[in-house]
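Listing of final21.pdb; format and content: PDB, C-alpha atoms.
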MODEL        1
ATOM      1  CA  THR A 938     -23.344 -21.886  -2.435
ATOM      2  CA  ASP A 939     -22.671 -23.007  -6.010
ATOM      3  CA  ASP A 940     -24.023 -19.724  -7.378
ATOM      4  CA  ARG A 941     -21.768 -17.653  -5.149
ATOM      5  CA  GLN A 942     -18.712 -19.741  -6.006
ATOM      6  CA  ALA A 943     -19.446 -19.354  -9.702
ATOM      7  CA  MET A 944     -19.683 -15.571  -9.290
ATOM      8  CA  VAL A 945     -16.387 -15.442  -7.391
ATOM      9  CA  ILE A 946     -14.612 -17.596  -9.992
ATOM     10  CA  GLU A 947     -15.933 -15.413 -12.798
ATOM     11  CA  GLU A 948     -14.721 -12.275 -11.035
ATOM     12  CA  HIS A 949     -11.254 -13.721 -10.563
ATOM     13  CA  ARG A 950     -11.116 -14.830 -14.182
ATOM     14  CA  ARG A 951     -11.890 -11.233 -15.143
ATOM     15  CA  LYS A 952      -8.977 -10.077 -12.972
ATOM     16  CA  GLY A 953      -6.650 -12.670 -14.407
ATOM     17  CA  ARG A 954      -6.529 -15.227 -11.586
ATOM     18  CA  GLU A 955      -8.529 -18.467 -11.661
ATOM     19  CA  LEU A 956      -9.618 -19.995  -8.362
ATOM     20  CA  GLU A 957      -9.097 -23.634  -7.611
ATOM     21  CA  ASP A 958     -12.199 -25.757  -7.142
ATOM     22  CA  GLY A 959     -13.693 -25.169  -3.740
ATOM     23  CA  GLU A 960     -11.715 -21.952  -3.071
ATOM     24  CA  LEU A 961     -13.663 -18.853  -2.167
ATOM     25  CA  GLU A 962     -12.296 -15.336  -1.942
ATOM     26  CA  GLU A 963     -11.943 -14.217   1.649
ATOM     27  CA  GLU A 964     -14.119 -11.222   2.389
ATOM     28  CA  ARG A 965     -12.838  -8.142   4.188
ATOM     29  CA  PRO A 966     -13.997  -7.889   7.782
ATOM     30  CA  PRO A 967     -16.302  -4.924   8.368
ATOM     31  CA  PRO A 968     -14.805  -1.842  10.062
ATOM     32  CA  ARG A 969     -14.700  -2.127  13.821
ATOM     33  CA  GLU A 970     -17.032   0.226  15.616
ATOM     34  CA  ASP A 971     -14.275   1.248  17.997
ATOM     35  CA  ASP A 972     -11.959   2.449  15.181
ATOM     36  CA  ASP A 973     -11.160   5.927  16.461
ATOM     37  CA  GLU A 974      -8.015   7.970  16.028
ATOM     38  CA  ALA A 975      -6.127   8.978  19.126
ATOM     39  CA  ASP A 976      -5.374  12.658  19.773
ATOM     40  CA  ILE A 977      -2.550  14.393  17.940
ATOM     41  CA  HIS A 978      -0.113  14.132  20.857
ATOM     42  CA  GLN A 979      -0.511  10.366  20.985
ATOM     43  CA  GLN A 980      -0.130  10.149  17.203
ATOM     44  CA  ILE A 981       3.175  12.031  17.413
ATOM     45  CA  ALA A 982       4.364   9.772  20.221
ATOM     46  CA  TRP A 983       3.540   6.647  18.205
ATOM     47  CA  GLY A 984       5.265   8.103  15.168
ATOM     48  CA  LYS A 985       8.458   8.582  17.179
ATOM     49  CA  GLN A 986       8.187   5.078  18.620
ATOM     50  CA  ILE A 987       7.758   3.561  15.144
ATOM     51  CA  ALA A 988      10.900   5.388  14.017
ATOM     52  CA  ARG A 989      12.881   4.169  17.047
ATOM     53  CA  GLU A 990      12.029   0.473  16.837
ATOM     54  CA  ARG A 991      14.816  -1.715  15.476
ATOM     55  CA  THR A 992      12.860  -4.769  14.332
ATOM     56  CA  PRO A 993       9.750  -5.242  12.177
ATOM     57  CA  GLU A 994       8.283  -7.458  14.891
ATOM     58  CA  ALA A 995       8.439  -4.613  17.421
ATOM     59  CA  ILE A 996       6.735  -2.207  15.014
ATOM     60  CA  LEU A 997       4.010  -4.708  14.212
ATOM     61  CA  ARG A 998       3.449  -5.453  17.902
ATOM     62  CA  LEU A 999       2.730  -1.758  18.402
ATOM     63  CA  PHE A1000       0.405  -1.817  15.415
ATOM     64  CA  ALA A1001      -1.358  -4.941  16.714
ATOM     65  CA  GLY A1002      -2.055  -3.230  20.027
ATOM     66  CA  GLU A1003      -2.844   0.305  18.907
ATOM     67  CA  GLY A1004      -3.224   0.281  15.128
ATOM     68  CA  ARG A1005      -6.981   0.768  15.140
ATOM     69  CA  ARG A1006      -6.308   4.234  16.613
ATOM     70  CA  PHE A1007      -3.456   5.135  14.251
ATOM     71  CA  SER A1008      -3.755   8.167  12.020
ATOM     72  CA  ALA A1009      -3.302   7.816   8.264
ATOM     73  CA  ARG A1010       0.265   9.109   8.668
ATOM     74  CA  ASN A1011       1.046   6.489  11.333
ATOM     75  CA  LEU A1012      -0.276   3.707   9.094
ATOM     76  CA  ALA A1013       1.841   4.856   6.151
ATOM     77  CA  THR A1014       4.877   5.215   8.417
ATOM     78  CA  THR A1015       4.341   1.693   9.745
ATOM     79  CA  ALA A1016       4.257   0.229   6.222
ATOM     80  CA  HIS A1017       7.340   2.193   5.187
ATOM     81  CA  ARG A1018       9.384   1.360   8.284
ATOM     82  CA  VAL A1019       8.546  -2.344   8.199
ATOM     83  CA  GLY A1020       9.351  -2.363   4.493
ATOM     84  CA  LYS A1021      12.852  -1.081   5.201
ATOM     85  CA  PHE A1022      13.614  -4.410   6.866
ATOM     86  CA  GLY A1023      12.728  -6.299   3.686
ATOM     87  CA  ARG A1024      10.596  -9.416   3.486
ATOM     88  CA  CYS A1025       8.491  -9.887   6.616
ATOM     89  CA  ASP A1026       6.992 -13.178   7.771
ATOM     90  CA  VAL A1027       4.585 -11.806  10.416
ATOM     91  CA  ARG A1028       1.805 -12.243   7.882
ATOM     92  CA  VAL A1029      -1.204 -11.988  10.171
ATOM     93  CA  HIS A1030      -0.319  -8.428  11.210
ATOM     94  CA  LEU A1031       0.515  -7.482   7.625
ATOM     95  CA  GLU A1032      -2.934  -8.609   6.513
ATOM     96  CA  GLN A1033      -4.539  -6.344   9.082
ATOM     97  CA  LEU A1034      -2.188  -3.475   8.194
ATOM     98  CA  ALA A1035      -3.129  -3.841   4.523
ATOM     99  CA  ILE A1036      -6.824  -3.740   5.405
ATOM    100  CA  MET A1037      -6.365  -0.623   7.530
ATOM    101  CA  CYS A1038      -4.290   1.110   4.847
ATOM    102  CA  GLU A1039      -6.834   0.304   2.144
ATOM    103  CA  ARG A1040      -9.627   1.615   4.337
ATOM    104  CA  ARG A1041      -7.823   4.900   5.025
ATOM    105  CA  VAL A1042      -5.829   5.453   1.834
ATOM    106  CA  GLU A1043      -7.949   8.434   0.802
ATOM    107  CA  LYS A1044      -6.581  10.246   3.864
ATOM    108  CA  PHE A1045      -2.935   9.536   3.028
ATOM    109  CA  ASP A1046      -0.823  12.423   1.794
ATOM    110  CA  PRO A1047       1.054  11.898  -1.511
ATOM    111  CA  GLN A1048       4.240  10.789   0.228
ATOM    112  CA  GLY A1049       2.245   8.395   2.408
ATOM    113  CA  ILE A1050       0.684   6.827  -0.700
ATOM    114  CA  ALA A1051       4.105   6.271  -2.275
ATOM    115  CA  ASN A1052       5.683   5.056   0.963
ATOM    116  CA  THR A1053       2.899   2.538   1.559
ATOM    117  CA  ALA A1054       3.207   1.055  -1.924
ATOM    118  CA  TRP A1055       7.007   0.911  -1.579
ATOM    119  CA  GLY A1056       6.819  -0.621   1.905
ATOM    120  CA  PHE A1057       4.491  -3.469   0.961
ATOM    121  CA  ALA A1058       6.532  -4.192  -2.157
ATOM    122  CA  LYS A1059       9.710  -4.384  -0.069
ATOM    123  CA  MET A1060       7.949  -6.725   2.368
ATOM    124  CA  ASP A1061       6.991  -8.928  -0.578
ATOM    125  CA  PHE A1062       3.389  -8.750   0.598
ATOM    126  CA  VAL A1063       0.912  -8.093  -2.183
ATOM    127  CA  ASP A1064      -2.640  -7.262  -1.218
ATOM    128  CA  ARG A1065      -4.366  -6.544  -4.513
ATOM    129  CA  ARG A1066      -7.216  -4.554  -3.029
ATOM    130  CA  LEU A1067      -4.726  -2.280  -1.291
ATOM    131  CA  PHE A1068      -2.627  -1.841  -4.431
ATOM    132  CA  GLU A1069      -5.704  -1.142  -6.527
ATOM    133  CA  ALA A1070      -6.790   1.525  -4.013
ATOM    134  CA  ILE A1071      -3.286   3.020  -4.019
ATOM    135  CA  ALA A1072      -3.275   3.098  -7.830
ATOM    136  CA  VAL A1073      -6.524   5.088  -7.856
ATOM    137  CA  GLN A1074      -5.316   7.611  -5.288
ATOM    138  CA  ALA A1075      -1.831   7.970  -6.784
ATOM    139  CA  ARG A1076      -3.329   8.587 -10.228
ATOM    140  CA  LYS A1077      -5.765  11.171  -8.884
ATOM    141  CA  ARG A1078      -2.945  13.003  -7.104
ATOM    142  CA  SER A1079      -0.115  12.378  -9.542
ATOM    143  CA  GLY A1080       0.429  16.117  -9.840
ATOM    144  CA  GLN A1081       1.220  16.240  -6.122
ATOM    145  CA  LEU A1082       3.752  13.394  -6.198
ATOM    146  CA  ASN A1083       7.356  14.544  -6.217
ATOM    147  CA  PRO A1084       9.844  12.747  -8.516
ATOM    148  CA  GLN A1085      10.987  10.365  -5.769
ATOM    149  CA  ASP A1086       7.364   9.509  -4.954
ATOM    150  CA  MET A1087       6.664   8.823  -8.628
ATOM    151  CA  GLY A1088       9.720   6.591  -8.940
ATOM    152  CA  ASN A1089       8.966   4.687  -5.748
ATOM    153  CA  THR A1090       5.318   4.173  -6.663
ATOM    154  CA  ALA A1091       6.137   2.962 -10.160
ATOM    155  CA  TRP A1092       8.871   0.717  -8.733
ATOM    156  CA  ALA A1093       6.420  -0.836  -6.256
ATOM    157  CA  PHE A1094       3.863  -1.711  -8.935
ATOM    158  CA  ALA A1095       6.516  -3.049 -11.297
ATOM    159  CA  THR A1096       8.127  -5.138  -8.547
ATOM    160  CA  THR A1097       4.839  -6.676  -7.431
ATOM    161  CA  ALA A1098       3.600  -7.157 -11.015
ATOM    162  CA  VAL A1099       0.301  -5.453 -10.186
ATOM    163  CA  ALA A1100      -1.047  -4.017 -13.429
ATOM    164  CA  ALA A1101      -1.921  -0.316 -13.207
ATOM    165  CA  PRO A1102      -1.882   1.110 -16.758
ATOM    166  CA  LEU A1103      -3.748   4.302 -15.886
ATOM    167  CA  LEU A1104      -1.359   5.015 -13.034
ATOM    168  CA  PHE A1105       1.681   4.515 -15.270
ATOM    169  CA  GLU A1106       0.084   6.773 -17.875
ATOM    170  CA  ALA A1107      -0.377   9.504 -15.259
ATOM    171  CA  ILE A1108       3.198   9.130 -13.992
ATOM    172  CA  ALA A1109       4.542   9.271 -17.554
ATOM    173  CA  GLY A1110       2.686  12.520 -18.179
ATOM    174  CA  GLU A1111       3.955  14.102 -14.986
ATOM    175  CA  ALA A1112       7.515  12.874 -15.574
ATOM    176  CA  LEU A1113       7.574  14.478 -19.017
ATOM    177  CA  ARG A1114       6.110  17.722 -17.717
ATOM    178  CA  ARG A1115       8.540  17.938 -14.773
ATOM    179  CA  VAL A1116      11.572  16.099 -16.110
ATOM    180  CA  ARG A1117      13.945  18.845 -14.922
ATOM    181  CA  GLU A1118      12.959  18.088 -11.324
ATOM    182  CA  PHE A1119      14.177  14.480 -11.523
ATOM    183  CA  THR A1120      17.523  13.438 -10.134
ATOM    184  CA  SER A1121      19.439  10.738 -11.983
ATOM    185  CA  THR A1122      18.341   8.243  -9.296
ATOM    186  CA  ASP A1123      14.678   9.210  -9.599
ATOM    187  CA  MET A1124      14.823   8.909 -13.387
ATOM    188  CA  ALA A1125      16.656   5.567 -13.298
ATOM    189  CA  CYS A1126      14.077   4.140 -10.886
ATOM    190  CA  THR A1127      11.173   5.369 -12.997
ATOM    191  CA  VAL A1128      12.639   4.127 -16.278
ATOM    192  CA  TRP A1129      13.400   0.725 -14.718
ATOM    193  CA  ALA A1130       9.826   0.447 -13.479
ATOM    194  CA  PHE A1131       8.342   1.217 -16.914
ATOM    195  CA  ALA A1132      10.670  -1.296 -18.571
ATOM    196  CA  THR A1133       9.979  -4.002 -15.979
ATOM    197  CA  ALA A1134       6.212  -3.475 -16.155
ATOM    198  CA  ALA A1135       6.451  -3.547 -19.957
ATOM    199  CA  VAL A1136       4.704  -0.190 -20.195
ATOM    200  CA  ALA A1137       5.593   2.035 -23.123
ATOM    201  CA  ALA A1138       6.429   5.571 -22.045
ATOM    202  CA  PRO A1139       5.988   8.505 -24.446
TER     203      PRO A1139
ENDMDL
END
Could you take the file, read its structure, and then write that structure out as C-alpha cells?
Amino acid sequence: TDDRQAMVIEEHRRKGRELEDGELEEERPPPREDDDEADIHQQIAWGKQIARERTPEAILRLFAGEGRRFSARNLATTAHRVGKFGRCDVRVHLEQLAIMCERRVEKFDPQGIANTAWGFAKMDFVDRRLFEAIAVQARKRSGQLNPQDMGNTAWAFATTAVAAPLLFEAIAGEALRRVREFTSTDMACTVWAFATAAVAAP
C-alpha cells in the first residue's frame, strides 16, 4: 500500500539509504518451526566436515541441507570458513546464512561474533541487519573479545562501511585498557580500521 511504502522509505532515509520508487524492503521470513539443533555429536561431526571442505560451494551445500540444525558455533564456523575463500557468488545460501546468524547471534561466543563479521566482510556480502546485530553483541561483550577479535571485528565494519560508532567506542576503550596484550599485527589492523572508518580514537 502507499502508506506502507511511505513508512519503508522514511525508515530507509533515517538509515541513510533512499529506496527507489516502487521498491519495498524485503521482510525476513519467520523462523521455521522445525529449527532444532542436532545433538552435540552431530554438531562436532559437522564442524569437522566444514573444516575439511575445500570449496565454499561444498560448505554451503552442507549448510543448505542441514543448516537449520546447526549450533551457533557451526553457523559462525560456516561464515568464517566460507569467508576464507574470499568473495562468494552463491548468494541465495549466503542470504539464508545471514538470516540464521542474525537470529542466533546472541548465542555466539566472542570469537564466533568476530569470525562471523570477518567472514561476511571477506565474502563481500553485507547484510545490514546481521551487522547491526553483531555490533550490539560485540559492544556488549567487548571485554571478552581478545585483541585479534577486536581487530577483526573493527576491520569487518570498516571494510563494509557499516557505521557502528558505539562499537568502535567500546573497542577503543578496551584497546587502551589492554594495549599490552596487542601484537603488532593486531594493533595495525585495529588502527587501520579506525582510520578507514574515519573514527577518532582516544
Just checking: using all atoms listed in the file, which residue out of A:Asp1086, A:Asp1061, A:Glu1003, A:Glu990 ends up closest to Met1037 (chain A)?
A:Glu1003
Can you give me, as a PyMOL selection string, the residues this file yields under the PyMOL selection byres ((chain A and resi 1010) around 12)?
chain A and resi 974+977+980-981+983-985+987+1004+1006-1009+1011-1018+1037-1038+1041-1053
Keeping only C-alpha atoms, take the residues you just selected and write them out as an mmCIF file, keeping the file's coordinate frame.
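Saved as out_19.cif:
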data_model
loop_
_atom_site.group_PDB
_atom_site.id
_atom_site.type_symbol
_atom_site.label_atom_id
_atom_site.label_comp_id
_atom_site.auth_asym_id
_atom_site.auth_seq_id
_atom_site.Cartn_x
_atom_site.Cartn_y
_atom_site.Cartn_z
ATOM 1 C CA GLU A 974 -8.015 7.970 16.028
ATOM 2 C CA ILE A 977 -2.550 14.393 17.940
ATOM 3 C CA GLN A 980 -0.130 10.149 17.203
ATOM 4 C CA ILE A 981 3.175 12.031 17.413
ATOM 5 C CA TRP A 983 3.540 6.647 18.205
ATOM 6 C CA GLY A 984 5.265 8.103 15.168
ATOM 7 C CA LYS A 985 8.458 8.582 17.179
ATOM 8 C CA ILE A 987 7.758 3.561 15.144
ATOM 9 C CA GLY A 1004 -3.224 0.281 15.128
ATOM 10 C CA ARG A 1006 -6.308 4.234 16.613
ATOM 11 C CA PHE A 1007 -3.456 5.135 14.251
ATOM 12 C CA SER A 1008 -3.755 8.167 12.020
ATOM 13 C CA ALA A 1009 -3.302 7.816 8.264
ATOM 14 C CA ASN A 1011 1.046 6.489 11.333
ATOM 15 C CA LEU A 1012 -0.276 3.707 9.094
ATOM 16 C CA ALA A 1013 1.841 4.856 6.151
ATOM 17 C CA THR A 1014 4.877 5.215 8.417
ATOM 18 C CA THR A 1015 4.341 1.693 9.745
ATOM 19 C CA ALA A 1016 4.257 0.229 6.222
ATOM 20 C CA HIS A 1017 7.340 2.193 5.187
ATOM 21 C CA ARG A 1018 9.384 1.360 8.284
ATOM 22 C CA MET A 1037 -6.365 -0.623 7.530
ATOM 23 C CA CYS A 1038 -4.290 1.110 4.847
ATOM 24 C CA ARG A 1041 -7.823 4.900 5.025
ATOM 25 C CA VAL A 1042 -5.829 5.453 1.834
ATOM 26 C CA GLU A 1043 -7.949 8.434 0.802
ATOM 27 C CA LYS A 1044 -6.581 10.246 3.864
ATOM 28 C CA PHE A 1045 -2.935 9.536 3.028
ATOM 29 C CA ASP A 1046 -0.823 12.423 1.794
ATOM 30 C CA PRO A 1047 1.054 11.898 -1.511
ATOM 31 C CA GLN A 1048 4.240 10.789 0.228
ATOM 32 C CA GLY A 1049 2.245 8.395 2.408
ATOM 33 C CA ILE A 1050 0.684 6.827 -0.700
ATOM 34 C CA ALA A 1051 4.105 6.271 -2.275
ATOM 35 C CA ASN A 1052 5.683 5.056 0.963
ATOM 36 C CA THR A 1053 2.899 2.538 1.559
#
Neighbour list for Val1063 (chain A) as a ChimeraX atom specification, cut-off 12 Å, all atoms listed in the file, skip fewer than 6 positions in-chain
/A:1024-1025,1028,1031-1032,1034-1036,1053-1057,1069,1093-1099
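Every protein or nucleic acid residue with an atom no more than 8 Å from Val1019 (chain A), counting all atoms listed in the file and leaving out same-chain residues fewer than 5 positions away, appears here: Thr992, Pro993, Ile996, Leu997, Cys1025, Gly1056 and Met1060 of chain A.
Of note, CA of Asp976 (chain A) and CA of Val1027 (chain A) are spaced 28.0 Å apart.
When CA of Arg1114 (chain A) is paired with CA of Thr1133 (chain A), their separation reads 22.1 Å.
Separating CA of Arg1115 (chain A) from CA of Ala1100 (chain A) is a distance of 24.0 Å.
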Evaluate the PyMOL selection byres ((chain A and resi 1118-1123) around 9) here and jot the selected residues down as a VMD selection string.
chain A and resid 1083 to 1089 1112 1115 to 1117 1124 to 1128
